[in-house]
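Shown below: work_4.csv, with CSV, N, CA, C and O atoms.
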```csv
chain,number,residue,atom,x,y,z
R,292,MET,N,12.5,19.0,-9.4
R,292,MET,CA,11.0,19.0,-9.4
R,292,MET,C,10.5,17.7,-10.0
R,292,MET,O,11.0,17.2,-11.0
R,293,MET,N,9.4,17.2,-9.5
R,293,MET,CA,8.8,16.0,-10.0
R,293,MET,C,7.9,16.3,-11.2
R,293,MET,O,7.1,17.2,-11.2
R,294,THR,N,8.1,15.4,-12.2
R,294,THR,CA,7.3,15.6,-13.4
R,294,THR,C,5.9,15.0,-13.2
R,294,THR,O,5.7,14.2,-12.3
R,295,SER,N,5.0,15.3,-14.1
R,295,SER,CA,3.7,14.8,-14.1
R,295,SER,C,3.7,13.2,-14.3
R,295,SER,O,2.9,12.5,-13.6
R,296,SER,N,4.5,12.8,-15.1
R,296,SER,CA,4.6,11.3,-15.4
R,296,SER,C,5.1,10.6,-14.2
R,296,SER,O,4.7,9.4,-13.9
R,297,THR,N,6.0,11.2,-13.4
R,297,THR,CA,6.5,10.5,-12.2
R,297,THR,C,5.4,10.4,-11.2
R,297,THR,O,5.3,9.4,-10.5
R,298,MET,N,4.7,11.5,-11.0
R,298,MET,CA,3.6,11.5,-10.0
R,298,MET,C,2.5,10.4,-10.4
R,298,MET,O,2.0,9.7,-9.6
R,299,CYS,N,2.2,10.3,-11.7
R,299,CYS,CA,1.3,9.3,-12.2
R,299,CYS,C,1.8,7.9,-11.9
R,299,CYS,O,1.0,7.0,-11.6
R,300,PHE,N,3.1,7.7,-12.1
R,300,PHE,CA,3.7,6.4,-11.8
R,300,PHE,C,3.5,6.0,-10.4
R,300,PHE,O,3.1,4.9,-10.1
R,301,PHE,N,3.8,6.9,-9.4
R,301,PHE,CA,3.7,6.7,-8.0
R,301,PHE,C,2.2,6.4,-7.7
R,301,PHE,O,1.9,5.5,-6.9
R,302,LYS,N,1.3,7.2,-8.2
R,302,LYS,CA,-0.1,6.9,-8.0
R,302,LYS,C,-0.6,5.6,-8.5
R,302,LYS,O,-1.3,4.9,-7.9
R,303,GLY,N,-0.1,5.2,-9.7
R,303,GLY,CA,-0.4,4.0,-10.3
R,303,GLY,C,0.1,2.8,-9.5
R,303,GLY,O,-0.6,1.8,-9.4
R,304,VAL,N,1.3,2.9,-9.0
R,304,VAL,CA,1.9,1.8,-8.2
R,304,VAL,C,1.0,1.6,-6.9
R,304,VAL,O,0.7,0.5,-6.6
R,305,THR,N,0.7,2.7,-6.3
R,305,THR,CA,-0.1,2.7,-5.1
R,305,THR,C,-1.4,2.1,-5.3
R,305,THR,O,-1.9,1.2,-4.6
R,306,ALA,N,-2.1,2.5,-6.4
R,306,ALA,CA,-3.4,2.0,-6.7
R,306,ALA,C,-3.4,0.5,-7.0
R,306,ALA,O,-4.2,-0.2,-6.7
R,307,GLY,N,-2.3,0.1,-7.8
R,307,GLY,CA,-2.2,-1.3,-8.1
R,307,GLY,C,-2.0,-2.2,-6.9
R,307,GLY,O,-2.5,-3.3,-6.8
R,308,LEU,N,-1.2,-1.7,-5.9
R,308,LEU,CA,-1.0,-2.5,-4.7
R,308,LEU,C,-2.3,-2.6,-4.0
R,308,LEU,O,-2.6,-3.7,-3.5
R,309,ILE,N,-3.1,-1.6,-3.9
R,309,ILE,CA,-4.3,-1.6,-3.1
R,309,ILE,C,-5.3,-2.5,-3.8
R,309,ILE,O,-6.0,-3.4,-3.2
R,310,VAL,N,-5.5,-2.4,-5.1
R,310,VAL,CA,-6.4,-3.2,-5.9
R,310,VAL,C,-6.0,-4.7,-5.9
R,310,VAL,O,-6.8,-5.6,-5.7
R,311,GLY,N,-4.7,-4.9,-6.0
R,311,GLY,CA,-4.2,-6.3,-5.9
R,311,GLY,C,-4.5,-6.9,-4.6
R,311,GLY,O,-4.8,-8.1,-4.5
R,312,ALA,N,-4.3,-6.2,-3.5
R,312,ALA,CA,-4.6,-6.8,-2.2
R,312,ALA,C,-6.0,-7.1,-2.0
R,312,ALA,O,-6.4,-8.1,-1.5
R,313,ALA,N,-6.9,-6.2,-2.5
R,313,ALA,CA,-8.3,-6.4,-2.4
R,313,ALA,C,-8.8,-7.6,-3.2
R,313,ALA,O,-9.6,-8.4,-2.8
R,314,VAL,N,-8.3,-7.8,-4.5
R,314,VAL,CA,-8.6,-8.9,-5.3
R,314,VAL,C,-8.1,-10.2,-4.7
R,314,VAL,O,-8.8,-11.2,-4.7
R,315,THR,N,-6.9,-10.2,-4.1
R,315,THR,CA,-6.4,-11.4,-3.4
R,315,THR,C,-7.3,-11.8,-2.3
R,315,THR,O,-7.5,-13.0,-2.1
R,316,MET,N,-7.7,-10.8,-1.5
R,316,MET,CA,-8.5,-11.1,-0.3
R,316,MET,C,-9.9,-11.7,-0.8
R,316,MET,O,-10.4,-12.6,-0.1
R,317,LEU,N,-10.5,-11.2,-1.9
R,317,LEU,CA,-11.7,-11.7,-2.3
R,317,LEU,C,-11.6,-13.1,-3.0
R,317,LEU,O,-12.5,-13.9,-2.8
R,318,ALA,N,-10.5,-13.3,-3.6
R,318,ALA,CA,-10.3,-14.6,-4.3
R,318,ALA,C,-9.9,-15.7,-3.4
R,318,ALA,O,-10.2,-16.9,-3.7
R,319,ASP,N,-9.3,-15.4,-2.2
R,319,ASP,CA,-8.9,-16.4,-1.3
R,319,ASP,C,-9.4,-16.1,0.1
R,319,ASP,O,-8.8,-15.5,0.9
R,320,PRO,N,-10.7,-16.5,0.4
R,320,PRO,CA,-11.2,-16.2,1.7
R,320,PRO,C,-10.4,-16.9,2.8
R,320,PRO,O,-9.9,-18.0,2.7
R,321,ILE,N,-10.3,-16.2,3.9
R,321,ILE,CA,-9.5,-16.7,5.1
R,321,ILE,C,-10.4,-16.6,6.3
R,321,ILE,O,-11.4,-15.9,6.4
R,322,SER,N,-9.9,-17.2,7.4
R,322,SER,CA,-10.6,-17.2,8.6
R,322,SER,C,-10.5,-15.9,9.3
R,322,SER,O,-9.7,-15.0,8.9
R,323,ASP,N,-11.4,-15.7,10.3
R,323,ASP,CA,-11.4,-14.4,11.0
R,323,ASP,C,-10.0,-14.1,11.7
R,323,ASP,O,-9.5,-13.0,11.7
R,324,ARG,N,-9.5,-15.1,12.3
R,324,ARG,CA,-8.2,-15.0,13.0
R,324,ARG,C,-7.1,-14.6,12.0
R,324,ARG,O,-6.3,-13.7,12.3
R,325,GLN,N,-7.0,-15.2,10.9
R,325,GLN,CA,-6.0,-14.9,9.9
R,325,GLN,C,-6.3,-13.5,9.3
R,325,GLN,O,-5.3,-12.7,9.1
R,326,ARG,N,-7.5,-13.1,9.1
R,326,ARG,CA,-7.9,-11.8,8.6
R,326,ARG,C,-7.4,-10.7,9.6
R,326,ARG,O,-6.8,-9.7,9.2
R,327,ASN,N,-7.6,-10.9,10.9
R,327,ASN,CA,-7.2,-9.9,11.9
R,327,ASN,C,-5.7,-9.8,11.9
R,327,ASN,O,-5.2,-8.7,12.0
R,328,ARG,N,-5.0,-10.9,11.8
R,328,ARG,CA,-3.5,-10.8,11.8
R,328,ARG,C,-3.1,-10.1,10.5
R,328,ARG,O,-2.1,-9.3,10.6
R,329,PHE,N,-3.7,-10.4,9.4
R,329,PHE,CA,-3.4,-9.7,8.1
R,329,PHE,C,-3.6,-8.2,8.2
R,329,PHE,O,-2.8,-7.4,7.7
R,330,VAL,N,-4.7,-7.8,8.8
R,330,VAL,CA,-5.1,-6.4,8.9
R,330,VAL,C,-4.0,-5.7,9.7
R,330,VAL,O,-3.5,-4.6,9.3
R,331,LYS,N,-3.5,-6.3,10.8
R,331,LYS,CA,-2.5,-5.7,11.6
R,331,LYS,C,-1.2,-5.5,10.8
R,331,LYS,O,-0.5,-4.5,10.9
R,332,LYS,N,-0.8,-6.5,10.0
R,332,LYS,CA,0.4,-6.4,9.3
R,332,LYS,C,0.3,-5.4,8.2
R,332,LYS,O,1.2,-4.6,7.9
R,333,THR,N,-0.9,-5.4,7.5
R,333,THR,CA,-1.0,-4.4,6.3
R,333,THR,C,-1.1,-3.0,6.8
R,333,THR,O,-0.7,-2.1,6.1
R,334,GLU,N,-1.6,-2.8,8.0
R,334,GLU,CA,-1.6,-1.4,8.5
R,334,GLU,C,-0.2,-0.8,8.6
R,334,GLU,O,0.1,0.3,8.2
R,335,GLY,N,0.7,-1.7,9.1
R,335,GLY,CA,2.1,-1.3,9.2
R,335,GLY,C,2.7,-1.1,7.8
R,335,GLY,O,3.5,-0.1,7.6
R,336,ILE,N,2.4,-1.9,6.9
R,336,ILE,CA,3.0,-1.9,5.5
R,336,ILE,C,2.5,-0.6,4.8
R,336,ILE,O,3.3,0.2,4.3
R,337,PHE,N,1.2,-0.3,4.9
R,337,PHE,CA,0.7,0.9,4.3
R,337,PHE,C,1.2,2.2,5.0
R,337,PHE,O,1.5,3.2,4.3
R,338,LYS,N,1.4,2.1,6.3
R,338,LYS,CA,2.0,3.3,7.0
R,338,LYS,C,3.5,3.5,6.5
R,338,LYS,O,3.9,4.6,6.2
R,339,ASN,N,4.2,2.4,6.3
R,339,ASN,CA,5.6,2.6,5.8
R,339,ASN,C,5.6,3.1,4.4
R,339,ASN,O,6.4,3.9,4.0
R,340,MET,N,4.7,2.6,3.5
R,340,MET,CA,4.6,3.0,2.2
R,340,MET,C,4.3,4.5,2.1
R,340,MET,O,4.9,5.3,1.3
R,341,GLY,N,3.4,5.0,3.0
R,341,GLY,CA,3.0,6.4,3.0
R,341,GLY,C,4.2,7.2,3.4
R,341,GLY,O,4.5,8.3,2.8
R,342,CYS,N,5.0,6.7,4.4
R,342,CYS,CA,6.2,7.5,4.8
R,342,CYS,C,7.2,7.5,3.7
R,342,CYS,O,7.9,8.6,3.5
R,343,MET,N,7.4,6.4,3.0
R,343,MET,CA,8.3,6.4,1.9
R,343,MET,C,7.9,7.3,0.8
R,343,MET,O,8.7,8.1,0.2
R,344,LEU,N,6.6,7.3,0.4
R,344,LEU,CA,6.1,8.2,-0.6
R,344,LEU,C,6.3,9.7,-0.2
R,344,LEU,O,6.7,10.6,-1.0
R,345,ASP,N,6.0,10.0,1.1
R,345,ASP,CA,6.1,11.3,1.6
R,345,ASP,C,7.6,11.8,1.5
R,345,ASP,O,7.9,12.9,1.1
R,346,THR,N,8.5,10.9,1.9
R,346,THR,CA,9.9,11.2,1.8
R,346,THR,C,10.4,11.5,0.4
R,346,THR,O,11.1,12.4,0.0
R,347,ALA,N,9.9,10.6,-0.5
R,347,ALA,CA,10.3,10.7,-2.0
R,347,ALA,C,9.7,12.0,-2.5
R,347,ALA,O,10.5,12.7,-3.3
R,348,LEU,N,8.5,12.4,-2.2
R,348,LEU,CA,7.9,13.6,-2.7
R,348,LEU,C,8.7,14.8,-2.1
R,348,LEU,O,8.9,15.8,-2.7
R,349,GLY,N,9.1,14.7,-0.8
R,349,GLY,CA,9.8,15.8,-0.2
R,349,GLY,C,11.1,16.0,-0.8
R,349,GLY,O,11.6,17.2,-0.8
R,350,MET,N,11.8,15.0,-1.3
R,350,MET,CA,13.1,15.2,-1.9
R,350,MET,C,13.0,16.0,-3.2
R,350,MET,O,14.0,16.7,-3.6
R,351,PHE,N,11.9,16.0,-3.9
R,351,PHE,CA,11.7,16.7,-5.1
R,351,PHE,C,11.1,18.1,-5.0
R,351,PHE,O,11.0,18.8,-5.9
R,352,HIS,N,10.8,18.5,-3.8
R,352,HIS,CA,10.2,19.8,-3.5
R,352,HIS,C,11.2,20.7,-2.9
R,352,HIS,O,12.1,20.5,-2.3
```

Starting from the file, lay out its structure as structure tokens.
Amino acid sequence: MMTSSTMCFFKGVTAGLIVGAAVTMLADPISDRQRNRFVKKTEGIFKNMGCMLDTALGMFH
């Protein structure tokens, strides 16, 4: 069973990645073409992260 501290760790890592990506995008403006390409790549990354977190949580239940 997953402990509360482990869940907080996973939530913290996920929140940190999201906040870090947002700050990076604000600090370094890019062209529309680059932004569209970046959005397509990050959709896949976040989908994979979600699958990994779901699998990790499923192992402990």

Next on the checklist: Would you compute the distance between atom O of Thr346 (chain R) and atom O of Ser296 (chain R)? Give it in Å to one decimal.
Outcome noted: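 It comes out at 15.6 Å.
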
Checklist entry - In Å to one decimal, how far is CA of Asp323 (chain R) from atom C of Ala306 (chain R)? => result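 These two atoms are separated by 24.7 Å.
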
Item to check | For CA of Lys332 (chain R) and CA of Thr305 (chain R), the interatomic separation in Å (one decimal) | outcome: 17.0 Å

Item to check | Shell of 12 Å around region 335-343 of chain R, only C-alpha atoms, local chain residues under 5 positions omitted, as a PyMOL selection string | outcome: chain R and resi 301-302+304-306+308-309+312+328-330+348-350

Writing out the chosen residues with N, CA, C and O atoms as a short mmCIF file (atom, residue, chain, number, x, y, z; two decimals), in the frame of the given file:
```cif
data_model
loop_
_atom_site.label_atom_id
_atom_site.label_comp_id
_atom_site.auth_asym_id
_atom_site.auth_seq_id
_atom_site.Cartn_x
_atom_site.Cartn_y
_atom_site.Cartn_z
N PHE R 301 3.80 6.90 -9.40
CA PHE R 301 3.70 6.70 -8.00
C PHE R 301 2.20 6.40 -7.70
O PHE R 301 1.90 5.50 -6.90
N LYS R 302 1.30 7.20 -8.20
CA LYS R 302 -0.10 6.90 -8.00
C LYS R 302 -0.60 5.60 -8.50
O LYS R 302 -1.30 4.90 -7.90
N VAL R 304 1.30 2.90 -9.00
CA VAL R 304 1.90 1.80 -8.20
C VAL R 304 1.00 1.60 -6.90
O VAL R 304 0.70 0.50 -6.60
N THR R 305 0.70 2.70 -6.30
CA THR R 305 -0.10 2.70 -5.10
C THR R 305 -1.40 2.10 -5.30
O THR R 305 -1.90 1.20 -4.60
N ALA R 306 -2.10 2.50 -6.40
CA ALA R 306 -3.40 2.00 -6.70
C ALA R 306 -3.40 0.50 -7.00
O ALA R 306 -4.20 -0.20 -6.70
N LEU R 308 -1.20 -1.70 -5.90
CA LEU R 308 -1.00 -2.50 -4.70
C LEU R 308 -2.30 -2.60 -4.00
O LEU R 308 -2.60 -3.70 -3.50
N ILE R 309 -3.10 -1.60 -3.90
CA ILE R 309 -4.30 -1.60 -3.10
C ILE R 309 -5.30 -2.50 -3.80
O ILE R 309 -6.00 -3.40 -3.20
N ALA R 312 -4.30 -6.20 -3.50
CA ALA R 312 -4.60 -6.80 -2.20
C ALA R 312 -6.00 -7.10 -2.00
O ALA R 312 -6.40 -8.10 -1.50
N ARG R 328 -5.00 -10.90 11.80
CA ARG R 328 -3.50 -10.80 11.80
C ARG R 328 -3.10 -10.10 10.50
O ARG R 328 -2.10 -9.30 10.60
N PHE R 329 -3.70 -10.40 9.40
CA PHE R 329 -3.40 -9.70 8.10
C PHE R 329 -3.60 -8.20 8.20
O PHE R 329 -2.80 -7.40 7.70
N VAL R 330 -4.70 -7.80 8.80
CA VAL R 330 -5.10 -6.40 8.90
C VAL R 330 -4.00 -5.70 9.70
O VAL R 330 -3.50 -4.60 9.30
N LEU R 348 8.50 12.40 -2.20
CA LEU R 348 7.90 13.60 -2.70
C LEU R 348 8.70 14.80 -2.10
O LEU R 348 8.90 15.80 -2.70
N GLY R 349 9.10 14.70 -0.80
CA GLY R 349 9.80 15.80 -0.20
C GLY R 349 11.10 16.00 -0.80
O GLY R 349 11.60 17.20 -0.80
N MET R 350 11.80 15.00 -1.30
CA MET R 350 13.10 15.20 -1.90
C MET R 350 13.00 16.00 -3.20
O MET R 350 14.00 16.70 -3.60
#
```

Could I get region 323-335 of chain R from the block written as a PDB file, in the first residue's frame, with all heavy atoms?
```
ATOM      1  N   ASP R 323       5.236  30.962 -33.203  1.00  0.00           N
ATOM      2  CA  ASP R 323       4.018  30.146 -33.232  1.00  0.00           C
ATOM      3  C   ASP R 323       4.303  28.737 -33.747  1.00  0.00           C
ATOM      4  O   ASP R 323       3.745  27.765 -33.244  1.00  0.00           O
ATOM      5  CB  ASP R 323       2.958  30.804 -34.116  1.00  0.00           C
ATOM      6  CG  ASP R 323       2.362  32.035 -33.463  1.00  0.00           C
ATOM      7  OD1 ASP R 323       2.440  32.139 -32.222  1.00  0.00           O
ATOM      8  OD2 ASP R 323       1.822  32.885 -34.195  1.00  0.00           O
ATOM      9  N   ARG R 324       5.156  28.641 -34.748  1.00  0.00           N
ATOM     10  CA  ARG R 324       5.478  27.324 -35.304  1.00  0.00           C
ATOM     11  C   ARG R 324       6.169  26.452 -34.259  1.00  0.00           C
ATOM     12  O   ARG R 324       5.834  25.271 -34.095  1.00  0.00           O
ATOM     13  CB  ARG R 324       6.366  27.484 -36.532  1.00  0.00           C
ATOM     14  CG  ARG R 324       6.706  26.187 -37.195  1.00  0.00           C
ATOM     15  CD  ARG R 324       7.512  26.428 -38.455  1.00  0.00           C
ATOM     16  NE  ARG R 324       7.898  25.153 -39.034  1.00  0.00           N
ATOM     17  CZ  ARG R 324       8.948  24.983 -39.796  1.00  0.00           C
ATOM     18  NH1 ARG R 324       9.718  25.993 -40.099  1.00  0.00           N
ATOM     19  NH2 ARG R 324       9.243  23.805 -40.274  1.00  0.00           N
ATOM     20  N   GLN R 325       7.149  27.023 -33.554  1.00  0.00           N
ATOM     21  CA  GLN R 325       7.844  26.273 -32.510  1.00  0.00           C
ATOM     22  C   GLN R 325       6.887  25.910 -31.379  1.00  0.00           C
ATOM     23  O   GLN R 325       6.959  24.822 -30.824  1.00  0.00           O
ATOM     24  CB  GLN R 325       9.009  27.083 -31.959  1.00  0.00           C
ATOM     25  CG  GLN R 325      10.158  27.233 -32.914  1.00  0.00           C
ATOM     26  CD  GLN R 325      11.216  28.182 -32.375  1.00  0.00           C
ATOM     27  OE1 GLN R 325      10.888  29.162 -31.701  1.00  0.00           O
ATOM     28  NE2 GLN R 325      12.471  27.895 -32.664  1.00  0.00           N
ATOM     29  N   ARG R 326       5.992  26.823 -31.025  1.00  0.00           N
ATOM     30  CA  ARG R 326       5.031  26.570 -29.958  1.00  0.00           C
ATOM     31  C   ARG R 326       4.110  25.401 -30.325  1.00  0.00           C
ATOM     32  O   ARG R 326       3.852  24.520 -29.505  1.00  0.00           O
ATOM     33  CB  ARG R 326       4.199  27.821 -29.672  1.00  0.00           C
ATOM     34  CG  ARG R 326       3.239  27.645 -28.513  1.00  0.00           C
ATOM     35  CD  ARG R 326       2.485  28.929 -28.186  1.00  0.00           C
ATOM     36  NE  ARG R 326       3.394  29.952 -27.708  1.00  0.00           N
ATOM     37  CZ  ARG R 326       3.613  31.121 -28.318  1.00  0.00           C
ATOM     38  NH1 ARG R 326       2.994  31.413 -29.426  1.00  0.00           N
ATOM     39  NH2 ARG R 326       4.465  31.990 -27.798  1.00  0.00           N
ATOM     40  N   ASN R 327       3.626  25.376 -31.557  1.00  0.00           N
ATOM     41  CA  ASN R 327       2.747  24.284 -31.988  1.00  0.00           C
ATOM     42  C   ASN R 327       3.477  22.944 -31.946  1.00  0.00           C
ATOM     43  O   ASN R 327       2.907  21.938 -31.525  1.00  0.00           O
ATOM     44  CB  ASN R 327       2.216  24.556 -33.397  1.00  0.00           C
ATOM     45  CG  ASN R 327       1.224  25.693 -33.430  1.00  0.00           C
ATOM     46  OD1 ASN R 327       0.612  26.031 -32.416  1.00  0.00           O
ATOM     47  ND2 ASN R 327       1.062  26.314 -34.581  1.00  0.00           N
ATOM     48  N   ARG R 328       4.724  22.934 -32.387  1.00  0.00           N
ATOM     49  CA  ARG R 328       5.516  21.708 -32.354  1.00  0.00           C
ATOM     50  C   ARG R 328       5.731  21.259 -30.907  1.00  0.00           C
ATOM     51  O   ARG R 328       5.625  20.080 -30.588  1.00  0.00           O
ATOM     52  CB  ARG R 328       6.859  21.942 -33.045  1.00  0.00           C
ATOM     53  CG  ARG R 328       7.589  20.669 -33.354  1.00  0.00           C
ATOM     54  CD  ARG R 328       8.885  20.882 -34.107  1.00  0.00           C
ATOM     55  NE  ARG R 328       8.886  22.062 -34.944  1.00  0.00           N
ATOM     56  CZ  ARG R 328       9.966  22.762 -35.251  1.00  0.00           C
ATOM     57  NH1 ARG R 328      11.137  22.396 -34.786  1.00  0.00           N
ATOM     58  NH2 ARG R 328       9.907  23.824 -36.009  1.00  0.00           N
ATOM     59  N   PHE R 329       6.015  22.221 -30.028  1.00  0.00           N
ATOM     60  CA  PHE R 329       6.233  21.928 -28.612  1.00  0.00           C
ATOM     61  C   PHE R 329       4.963  21.363 -27.974  1.00  0.00           C
ATOM     62  O   PHE R 329       5.022  20.413 -27.190  1.00  0.00           O
ATOM     63  CB  PHE R 329       6.683  23.206 -27.896  1.00  0.00           C
ATOM     64  CG  PHE R 329       6.952  23.021 -26.437  1.00  0.00           C
ATOM     65  CD1 PHE R 329       8.080  22.342 -26.010  1.00  0.00           C
ATOM     66  CD2 PHE R 329       6.076  23.522 -25.489  1.00  0.00           C
ATOM     67  CE1 PHE R 329       8.334  22.165 -24.657  1.00  0.00           C
ATOM     68  CE2 PHE R 329       6.321  23.357 -24.145  1.00  0.00           C
ATOM     69  CZ  PHE R 329       7.447  22.676 -23.729  1.00  0.00           C
ATOM     70  N   VAL R 330       3.818  21.936 -28.306  1.00  0.00           N
ATOM     71  CA  VAL R 330       2.548  21.466 -27.738  1.00  0.00           C
ATOM     72  C   VAL R 330       2.294  20.016 -28.136  1.00  0.00           C
ATOM     73  O   VAL R 330       1.881  19.196 -27.314  1.00  0.00           O
ATOM     74  CB  VAL R 330       1.378  22.372 -28.186  1.00  0.00           C
ATOM     75  CG1 VAL R 330       0.038  21.739 -27.879  1.00  0.00           C
ATOM     76  CG2 VAL R 330       1.479  23.731 -27.520  1.00  0.00           C
ATOM     77  N   LYS R 331       2.560  19.680 -29.388  1.00  0.00           N
ATOM     78  CA  LYS R 331       2.353  18.299 -29.841  1.00  0.00           C
ATOM     79  C   LYS R 331       3.258  17.332 -29.088  1.00  0.00           C
ATOM     80  O   LYS R 331       2.835  16.239 -28.712  1.00  0.00           O
ATOM     81  CB  LYS R 331       2.603  18.192 -31.348  1.00  0.00           C
ATOM     82  CG  LYS R 331       1.514  18.820 -32.177  1.00  0.00           C
ATOM     83  CD  LYS R 331       1.810  18.685 -33.660  1.00  0.00           C
ATOM     84  CE  LYS R 331       0.771  19.407 -34.479  1.00  0.00           C
ATOM     85  NZ  LYS R 331       1.039  19.329 -35.908  1.00  0.00           N
ATOM     86  N   LYS R 332       4.512  17.735 -28.867  1.00  0.00           N
ATOM     87  CA  LYS R 332       5.441  16.851 -28.154  1.00  0.00           C
ATOM     88  C   LYS R 332       5.057  16.716 -26.690  1.00  0.00           C
ATOM     89  O   LYS R 332       5.115  15.624 -26.130  1.00  0.00           O
ATOM     90  CB  LYS R 332       6.871  17.390 -28.265  1.00  0.00           C
ATOM     91  CG  LYS R 332       7.470  17.213 -29.631  1.00  0.00           C
ATOM     92  CD  LYS R 332       8.893  17.718 -29.663  1.00  0.00           C
ATOM     93  CE  LYS R 332       9.482  17.573 -31.055  1.00  0.00           C
ATOM     94  NZ  LYS R 332      10.871  18.038 -31.110  1.00  0.00           N
ATOM     95  N   THR R 333       4.663  17.830 -26.055  1.00  0.00           N
ATOM     96  CA  THR R 333       4.338  17.758 -24.623  1.00  0.00           C
ATOM     97  C   THR R 333       3.056  16.986 -24.370  1.00  0.00           C
ATOM     98  O   THR R 333       2.909  16.370 -23.313  1.00  0.00           O
ATOM     99  CB  THR R 333       4.220  19.160 -23.997  1.00  0.00           C
ATOM    100  OG1 THR R 333       3.288  19.933 -24.740  1.00  0.00           O
ATOM    101  CG2 THR R 333       5.552  19.851 -23.935  1.00  0.00           C
ATOM    102  N   GLU R 334       2.137  16.988 -25.323  1.00  0.00           N
ATOM    103  CA  GLU R 334       0.922  16.175 -25.150  1.00  0.00           C
ATOM    104  C   GLU R 334       1.307  14.709 -24.976  1.00  0.00           C
ATOM    105  O   GLU R 334       0.790  14.021 -24.108  1.00  0.00           O
ATOM    106  CB  GLU R 334      -0.004  16.329 -26.362  1.00  0.00           C
ATOM    107  CG  GLU R 334      -0.747  17.636 -26.404  1.00  0.00           C
ATOM    108  CD  GLU R 334      -1.557  17.795 -27.675  1.00  0.00           C
ATOM    109  OE1 GLU R 334      -1.530  16.901 -28.549  1.00  0.00           O
ATOM    110  OE2 GLU R 334      -2.209  18.836 -27.813  1.00  0.00           O
ATOM    111  N   GLY R 335       2.216  14.246 -25.795  1.00  0.00           N
ATOM    112  CA  GLY R 335       2.673  12.863 -25.696  1.00  0.00           C
ATOM    113  C   GLY R 335       3.414  12.599 -24.400  1.00  0.00           C
ATOM    114  O   GLY R 335       3.245  11.560 -23.771  1.00  0.00           O
TER     115      GLY R 335
END
```
